[in-house]
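Notes follow once the structure below has been shown.
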Amino acid sequence: MRIKVLTAIFASCLIVSCHNGKQTQQEENNDKAQDMKKEKSTSLKSKLEDKKTNFTLKADDTKKRAYREGIESVEKSGIVKSAKQIGDKAPDFTLNNALGEPVSLSEYLKEGKVVLTWYRGGWCPYCNLTLNALQEELSNFKAQGANLIALTPELPDESISTSEKNDLAFEVLSDVGNKIAKEYGIVFELTDEVAGMYNQSFELNAHNGDASNQLPLAATYIIDQNGEIIYAFLDADYRNRAEPSELTSFLKNH
């Protein structure tokens with residue numbers, strides 16, 4: 001009788017132990033899932049802020065001053081106010097994609113709204129963070145019936161490299177000479193000091209195929225099917241970008 005009781009107690013302990021083990025494992029899995037969800041949901045803004053902080057800690061005073069003065073120069077130019085705004089007609093364009101196929105804004109607008117954005121180049125860490133964040137949000141844009149098109153002043157070989165490096169599944173088009181960006185009024189000229197630093201560091205002129213030292217604002221527009229701009233993100237500071245999740249929210253409500 002005593003043996004049977006001991007056996008029953010042992011079995012009960014084993015069951016409880018297994019149950020606790022499964023529960024602990026489940027809790028660990030839940031924690032990991034929450035951590036992954038939290039990591040994925042980290043806003044683009046927070047990632048950009050981390051990049052700014054890292055730059056501030058590592059860059060020398062000369063570079064920090066030059067870049068700050070470069071941003072101030074863009075602010076003083078008034079370009080943010082003179083660029084295309086909400087309510088303006090979006091200039092149409094046709095540019096070749098990575099496969100050499102013509103891509104037209106007007107053709108995409110036949111399918112639905114278009115999120116149109118500019119990035120300075122694959123050499124820009126803020127741009128790469130933004131492109132990756134846009135890629136993560138792409139399915140949500142499409143769920144709202146919108147397509148995403150990104151323009152850059154870089155030469156086609158450079159834009160193709162950026163697209164492949166970031167596994168981008170949306171159109172990345174080379175706007176060589178900033179021709180389309182100029183129609184949107186978002187092109188500015190770098191200060192001589194910053195232009196010199198960029199060319200010495202990564203050969204900006206070679207990336208863009210010209211010696212203009214001009215770049216577009218990191219602008220983002222949402223264009224409705226009538227070709228009207230219904231959303232505009234314009235900022236003189238290239239380190240600030242439109243938040244992808246906020247673009248999705250806008251598309252849901254408009």
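Going by the structure tokens order, chains are called A, B, ..., each with residues numbered from 1, while ligands are numbered from 1 in the order shown.
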Might you pull out every residue within 6 Å of stretch 68-79 of chain A, with only C-alpha atoms counted and same-chain residues fewer than 2 positions away left off, and present them as an MDAnalysis selection string? chainID A and resid 65:66 81:83 191 236:237
Looking only at the backbone, which of the residues in stretch 16-249 of chain A does DSSP tag as strand (DSSP E), as number ranges by chain? A: 94-96, 102-104, 113-118, 146-152, 171-174, 187-189, 214-216, 220-223, 229-233
Based on the selection just made, write N, CA and C atoms of those residues as an mmCIF file, in the first residue's frame.
data_model
loop_
_atom_site.group_PDB
_atom_site.id
_atom_site.type_symbol
_atom_site.label_atom_id
_atom_site.label_comp_id
_atom_site.auth_asym_id
_atom_site.auth_seq_id
_atom_site.Cartn_x
_atom_site.Cartn_y
_atom_site.Cartn_z
ATOM 1 N N THR A 94 8.268 60.159 -66.359
ATOM 2 C CA THR A 94 8.571 58.801 -66.807
ATOM 3 C C THR A 94 10.075 58.592 -66.692
ATOM 4 N N LEU A 95 10.457 57.597 -65.943
ATOM 5 C CA LEU A 95 11.867 57.255 -65.766
ATOM 6 C C LEU A 95 12.019 55.748 -65.918
ATOM 7 N N ASN A 96 13.199 55.308 -66.292
ATOM 8 C CA ASN A 96 13.448 53.874 -66.440
ATOM 9 C C ASN A 96 13.784 53.252 -65.084
ATOM 10 N N PRO A 102 10.323 51.689 -68.789
ATOM 11 C CA PRO A 102 9.787 53.004 -68.412
ATOM 12 C C PRO A 102 8.724 52.893 -67.323
ATOM 13 N N VAL A 103 8.832 53.750 -66.353
ATOM 14 C CA VAL A 103 7.865 53.794 -65.248
ATOM 15 C C VAL A 103 7.277 55.196 -65.195
ATOM 16 N N SER A 104 5.972 55.291 -65.301
ATOM 17 C CA SER A 104 5.301 56.592 -65.301
ATOM 18 C C SER A 104 4.440 56.762 -64.059
ATOM 19 N N LYS A 113 -3.547 55.325 -55.355
ATOM 20 C CA LYS A 113 -2.683 56.402 -54.864
ATOM 21 C C LYS A 113 -1.217 55.987 -54.958
ATOM 22 N N VAL A 114 -0.343 56.996 -54.937
ATOM 23 C CA VAL A 114 1.105 56.741 -54.983
ATOM 24 C C VAL A 114 1.792 57.474 -53.835
ATOM 25 N N VAL A 115 2.615 56.730 -53.112
ATOM 26 C CA VAL A 115 3.512 57.331 -52.125
ATOM 27 C C VAL A 115 4.827 57.573 -52.865
ATOM 28 N N LEU A 116 5.165 58.844 -53.039
ATOM 29 C CA LEU A 116 6.358 59.219 -53.796
ATOM 30 C C LEU A 116 7.386 59.809 -52.832
ATOM 31 N N THR A 117 8.571 59.226 -52.812
ATOM 32 C CA THR A 117 9.584 59.676 -51.861
ATOM 33 C C THR A 117 10.945 59.819 -52.528
ATOM 34 N N TRP A 118 11.780 60.672 -51.963
ATOM 35 C CA TRP A 118 13.144 60.860 -52.450
ATOM 36 C C TRP A 118 14.147 60.441 -51.390
ATOM 37 N N ALA A 146 -2.315 51.558 -52.382
ATOM 38 C CA ALA A 146 -1.288 52.525 -52.796
ATOM 39 C C ALA A 146 0.006 51.834 -53.182
ATOM 40 N N ASN A 147 0.721 52.414 -54.142
ATOM 41 C CA ASN A 147 2.043 51.939 -54.537
ATOM 42 C C ASN A 147 3.103 52.926 -54.067
ATOM 43 N N LEU A 148 4.320 52.418 -53.943
ATOM 44 C CA LEU A 148 5.443 53.229 -53.474
ATOM 45 C C LEU A 148 6.489 53.371 -54.577
ATOM 46 N N ILE A 149 6.929 54.608 -54.805
ATOM 47 C CA ILE A 149 7.992 54.888 -55.776
ATOM 48 C C ILE A 149 9.038 55.759 -55.090
ATOM 49 N N ALA A 150 10.294 55.363 -55.219
ATOM 50 C CA ALA A 150 11.389 56.141 -54.631
ATOM 51 C C ALA A 150 12.289 56.676 -55.742
ATOM 52 N N LEU A 151 12.648 57.949 -55.644
ATOM 53 C CA LEU A 151 13.535 58.591 -56.618
ATOM 54 C C LEU A 151 14.845 58.989 -55.938
ATOM 55 N N THR A 152 15.930 58.944 -56.708
ATOM 56 C CA THR A 152 17.248 59.321 -56.202
ATOM 57 C C THR A 152 18.042 59.960 -57.329
ATOM 58 N N GLU A 171 9.505 50.277 -56.696
ATOM 59 C CA GLU A 171 10.259 50.954 -57.753
ATOM 60 C C GLU A 171 11.278 51.948 -57.176
ATOM 61 N N VAL A 172 12.531 51.794 -57.589
ATOM 62 C CA VAL A 172 13.591 52.750 -57.240
ATOM 63 C C VAL A 172 14.122 53.308 -58.561
ATOM 64 N N LEU A 173 13.907 54.597 -58.786
ATOM 65 C CA LEU A 173 14.211 55.198 -60.077
ATOM 66 C C LEU A 173 15.300 56.260 -59.962
ATOM 67 N N SER A 174 16.187 56.292 -60.952
ATOM 68 C CA SER A 174 17.252 57.290 -60.984
ATOM 69 C C SER A 174 16.766 58.562 -61.656
ATOM 70 N N VAL A 187 14.998 70.792 -54.867
ATOM 71 C CA VAL A 187 16.447 70.681 -55.050
ATOM 72 C C VAL A 187 17.175 71.868 -54.425
ATOM 73 N N PHE A 188 18.246 71.588 -53.719
ATOM 74 C CA PHE A 188 19.071 72.634 -53.116
ATOM 75 C C PHE A 188 20.544 72.335 -53.385
ATOM 76 N N GLU A 189 21.382 73.335 -53.193
ATOM 77 C CA GLU A 189 22.822 73.170 -53.407
ATOM 78 C C GLU A 189 23.537 73.072 -52.071
ATOM 79 N N GLN A 214 24.282 69.220 -56.080
ATOM 80 C CA GLN A 214 22.889 69.453 -55.713
ATOM 81 C C GLN A 214 22.237 68.149 -55.239
ATOM 82 N N LEU A 215 21.359 68.288 -54.264
ATOM 83 C CA LEU A 215 20.632 67.143 -53.734
ATOM 84 C C LEU A 215 19.162 67.522 -53.534
ATOM 85 N N PRO A 216 18.287 66.519 -53.490
ATOM 86 C CA PRO A 216 16.873 66.799 -53.203
ATOM 87 C C PRO A 216 16.625 66.730 -51.699
ATOM 88 N N THR A 220 8.579 63.444 -49.026
ATOM 89 C CA THR A 220 7.620 62.372 -49.290
ATOM 90 C C THR A 220 6.257 62.989 -49.575
ATOM 91 N N TYR A 221 5.644 62.544 -50.647
ATOM 92 C CA TYR A 221 4.309 63.002 -51.025
ATOM 93 C C TYR A 221 3.375 61.799 -51.153
ATOM 94 N N ILE A 222 2.105 62.048 -50.906
ATOM 95 C CA ILE A 222 1.081 61.078 -51.283
ATOM 96 C C ILE A 222 0.220 61.769 -52.332
ATOM 97 N N ILE A 223 0.037 61.093 -53.453
ATOM 98 C CA ILE A 223 -0.669 61.670 -54.602
ATOM 99 C C ILE A 223 -1.918 60.837 -54.884
ATOM 100 N N ILE A 229 -1.605 66.385 -54.955
ATOM 101 C CA ILE A 229 -0.838 66.084 -53.750
ATOM 102 C C ILE A 229 -1.756 66.252 -52.547
ATOM 103 N N ILE A 230 -1.933 65.182 -51.779
ATOM 104 C CA ILE A 230 -2.824 65.238 -50.615
ATOM 105 C C ILE A 230 -2.059 65.111 -49.297
ATOM 106 N N TYR A 231 -0.761 64.835 -49.393
ATOM 107 C CA TYR A 231 0.090 64.753 -48.203
ATOM 108 C C TYR A 231 1.484 65.185 -48.619
ATOM 109 N N ALA A 232 2.143 65.953 -47.759
ATOM 110 C CA ALA A 232 3.509 66.389 -48.071
ATOM 111 C C ALA A 232 4.359 66.420 -46.810
ATOM 112 N N PHE A 233 5.472 65.728 -46.847
ATOM 113 C CA PHE A 233 6.470 65.817 -45.772
ATOM 114 C C PHE A 233 7.681 66.524 -46.350
#
May I have all residues of stretch 66-113 of chain A that DSSP, computed from the backbone, assigns to alpha helix (DSSP H), given as a PDB file with N, CA and C atoms, in the first residue's frame?
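Full text of result-v3.pdb as output:
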ATOM      1  N   ALA A  66      30.028  71.962 -39.731  1.00  0.00           N
ATOM      2  CA  ALA A  66      29.774  72.061 -41.175  1.00  0.00           C
ATOM      3  C   ALA A  66      28.398  71.514 -41.537  1.00  0.00           C
ATOM      4  N   TYR A  67      28.045  70.356 -40.979  1.00  0.00           N
ATOM      5  CA  TYR A  67      26.750  69.750 -41.279  1.00  0.00           C
ATOM      6  C   TYR A  67      25.609  70.598 -40.712  1.00  0.00           C
ATOM      7  N   ARG A  68      25.818  71.140 -39.516  1.00  0.00           N
ATOM      8  CA  ARG A  68      24.787  71.999 -38.916  1.00  0.00           C
ATOM      9  C   ARG A  68      24.565  73.241 -39.769  1.00  0.00           C
ATOM     10  N   GLU A  69      25.644  73.843 -40.230  1.00  0.00           N
ATOM     11  CA  GLU A  69      25.533  75.032 -41.080  1.00  0.00           C
ATOM     12  C   GLU A  69      24.911  74.686 -42.429  1.00  0.00           C
ATOM     13  N   GLY A  70      25.155  73.459 -42.897  1.00  0.00           N
ATOM     14  CA  GLY A  70      24.546  73.013 -44.151  1.00  0.00           C
ATOM     15  C   GLY A  70      23.027  72.939 -44.030  1.00  0.00           C
ATOM     16  N   ILE A  71      22.549  72.405 -42.911  1.00  0.00           N
ATOM     17  CA  ILE A  71      21.107  72.329 -42.674  1.00  0.00           C
ATOM     18  C   ILE A  71      20.514  73.729 -42.532  1.00  0.00           C
ATOM     19  N   GLU A  72      21.225  74.600 -41.842  1.00  0.00           N
ATOM     20  CA  GLU A  72      20.752  75.984 -41.670  1.00  0.00           C
ATOM     21  C   GLU A  72      20.652  76.701 -43.010  1.00  0.00           C
ATOM     22  N   SER A  73      21.577  76.384 -43.914  1.00  0.00           N
ATOM     23  CA  SER A  73      21.564  76.986 -45.246  1.00  0.00           C
ATOM     24  C   SER A  73      20.300  76.586 -46.012  1.00  0.00           C
ATOM     25  N   VAL A  74      19.911  75.322 -45.885  1.00  0.00           N
ATOM     26  CA  VAL A  74      18.693  74.845 -46.541  1.00  0.00           C
ATOM     27  C   VAL A  74      17.470  75.526 -45.934  1.00  0.00           C
ATOM     28  N   GLU A  75      17.471  75.666 -44.615  1.00  0.00           N
ATOM     29  CA  GLU A  75      16.351  76.330 -43.930  1.00  0.00           C
ATOM     30  C   GLU A  75      16.185  77.769 -44.429  1.00  0.00           C
ATOM     31  N   LYS A  76      17.305  78.483 -44.536  1.00  0.00           N
ATOM     32  CA  LYS A  76      17.276  79.893 -44.944  1.00  0.00           C
ATOM     33  C   LYS A  76      16.885  80.072 -46.407  1.00  0.00           C
ATOM     34  N   SER A  77      17.075  79.030 -47.213  1.00  0.00           N
ATOM     35  CA  SER A  77      16.771  79.131 -48.645  1.00  0.00           C
ATOM     36  C   SER A  77      15.269  79.264 -48.920  1.00  0.00           C
ATOM     37  N   ILE A  79      13.250  76.798 -49.332  1.00  0.00           N
ATOM     38  CA  ILE A  79      12.830  75.730 -50.242  1.00  0.00           C
ATOM     39  C   ILE A  79      11.649  74.927 -49.713  1.00  0.00           C
ATOM     40  N   VAL A  80      11.569  74.776 -48.396  1.00  0.00           N
ATOM     41  CA  VAL A  80      10.477  73.993 -47.811  1.00  0.00           C
ATOM     42  C   VAL A  80       9.124  74.625 -48.133  1.00  0.00           C
ATOM     43  N   LYS A  81       9.076  75.952 -48.178  1.00  0.00           N
ATOM     44  CA  LYS A  81       7.823  76.652 -48.470  1.00  0.00           C
ATOM     45  C   LYS A  81       7.563  76.788 -49.967  1.00  0.00           C
ATOM     46  N   SER A  82       8.643  76.849 -50.753  1.00  0.00           N
ATOM     47  CA  SER A  82       8.468  77.046 -52.198  1.00  0.00           C
ATOM     48  C   SER A  82       8.253  75.733 -52.961  1.00  0.00           C
ATOM     49  N   LEU A 105       4.487  57.941 -63.493  1.00  0.00           N
ATOM     50  CA  LEU A 105       3.632  58.250 -62.354  1.00  0.00           C
ATOM     51  C   LEU A 105       2.174  58.110 -62.761  1.00  0.00           C
ATOM     52  N   SER A 106       1.824  58.652 -63.926  1.00  0.00           N
ATOM     53  CA  SER A 106       0.432  58.623 -64.376  1.00  0.00           C
ATOM     54  C   SER A 106      -0.099  57.196 -64.541  1.00  0.00           C
ATOM     55  N   GLU A 107       0.765  56.278 -64.966  1.00  0.00           N
ATOM     56  CA  GLU A 107       0.343  54.886 -65.126  1.00  0.00           C
ATOM     57  C   GLU A 107       0.066  54.256 -63.766  1.00  0.00           C
ATOM     58  N   TYR A 108       0.915  54.548 -62.803  1.00  0.00           N
ATOM     59  CA  TYR A 108       0.714  54.006 -61.457  1.00  0.00           C
ATOM     60  C   TYR A 108      -0.549  54.587 -60.819  1.00  0.00           C
ATOM     61  N   LEU A 109      -0.837  55.850 -61.124  1.00  0.00           N
ATOM     62  CA  LEU A 109      -2.023  56.481 -60.546  1.00  0.00           C
ATOM     63  C   LEU A 109      -3.319  55.858 -61.056  1.00  0.00           C
TER      64      LEU A 109
END
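From atom CA of A:Asn240 back to atom CA of A:Lys252, the distance works out to 22.9 Å.
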Write out as an NGL selection string the residues lying within 7 Å of stretch 202-209 of chain A, counting only C-alpha atoms and excluding same-chain residues fewer than 3 positions away. :A and (153-155 or 158 or 176 or 198-199 or 213)
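Proximity ranking of A:Tyr119, A:Thr62, A:Ala218, A:Asp224 relative to A:Val194 places A:Thr62 first, based on only C-alpha atoms.
Of note, atom CA of A:Lys45 and atom CA of A:Asp61 are spaced 24.4 Å apart.
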Give me, please, the distance in Å between atom CA of A:Ser139 and atom CA of A:Lys84, quoted to one decimal. 27.0 Å
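Proximity ranking of A:Ile186, A:Pro244, A:Lys64, A:Lys52 relative to A:Gln135 places A:Pro244 first, based on only C-alpha atoms.
Using only C-alpha atoms, the smallest distance between any of A:Asn54, A:Asn128, A:Asn253, A:Thr248 and A:Ser159 comes from A:Asn128.
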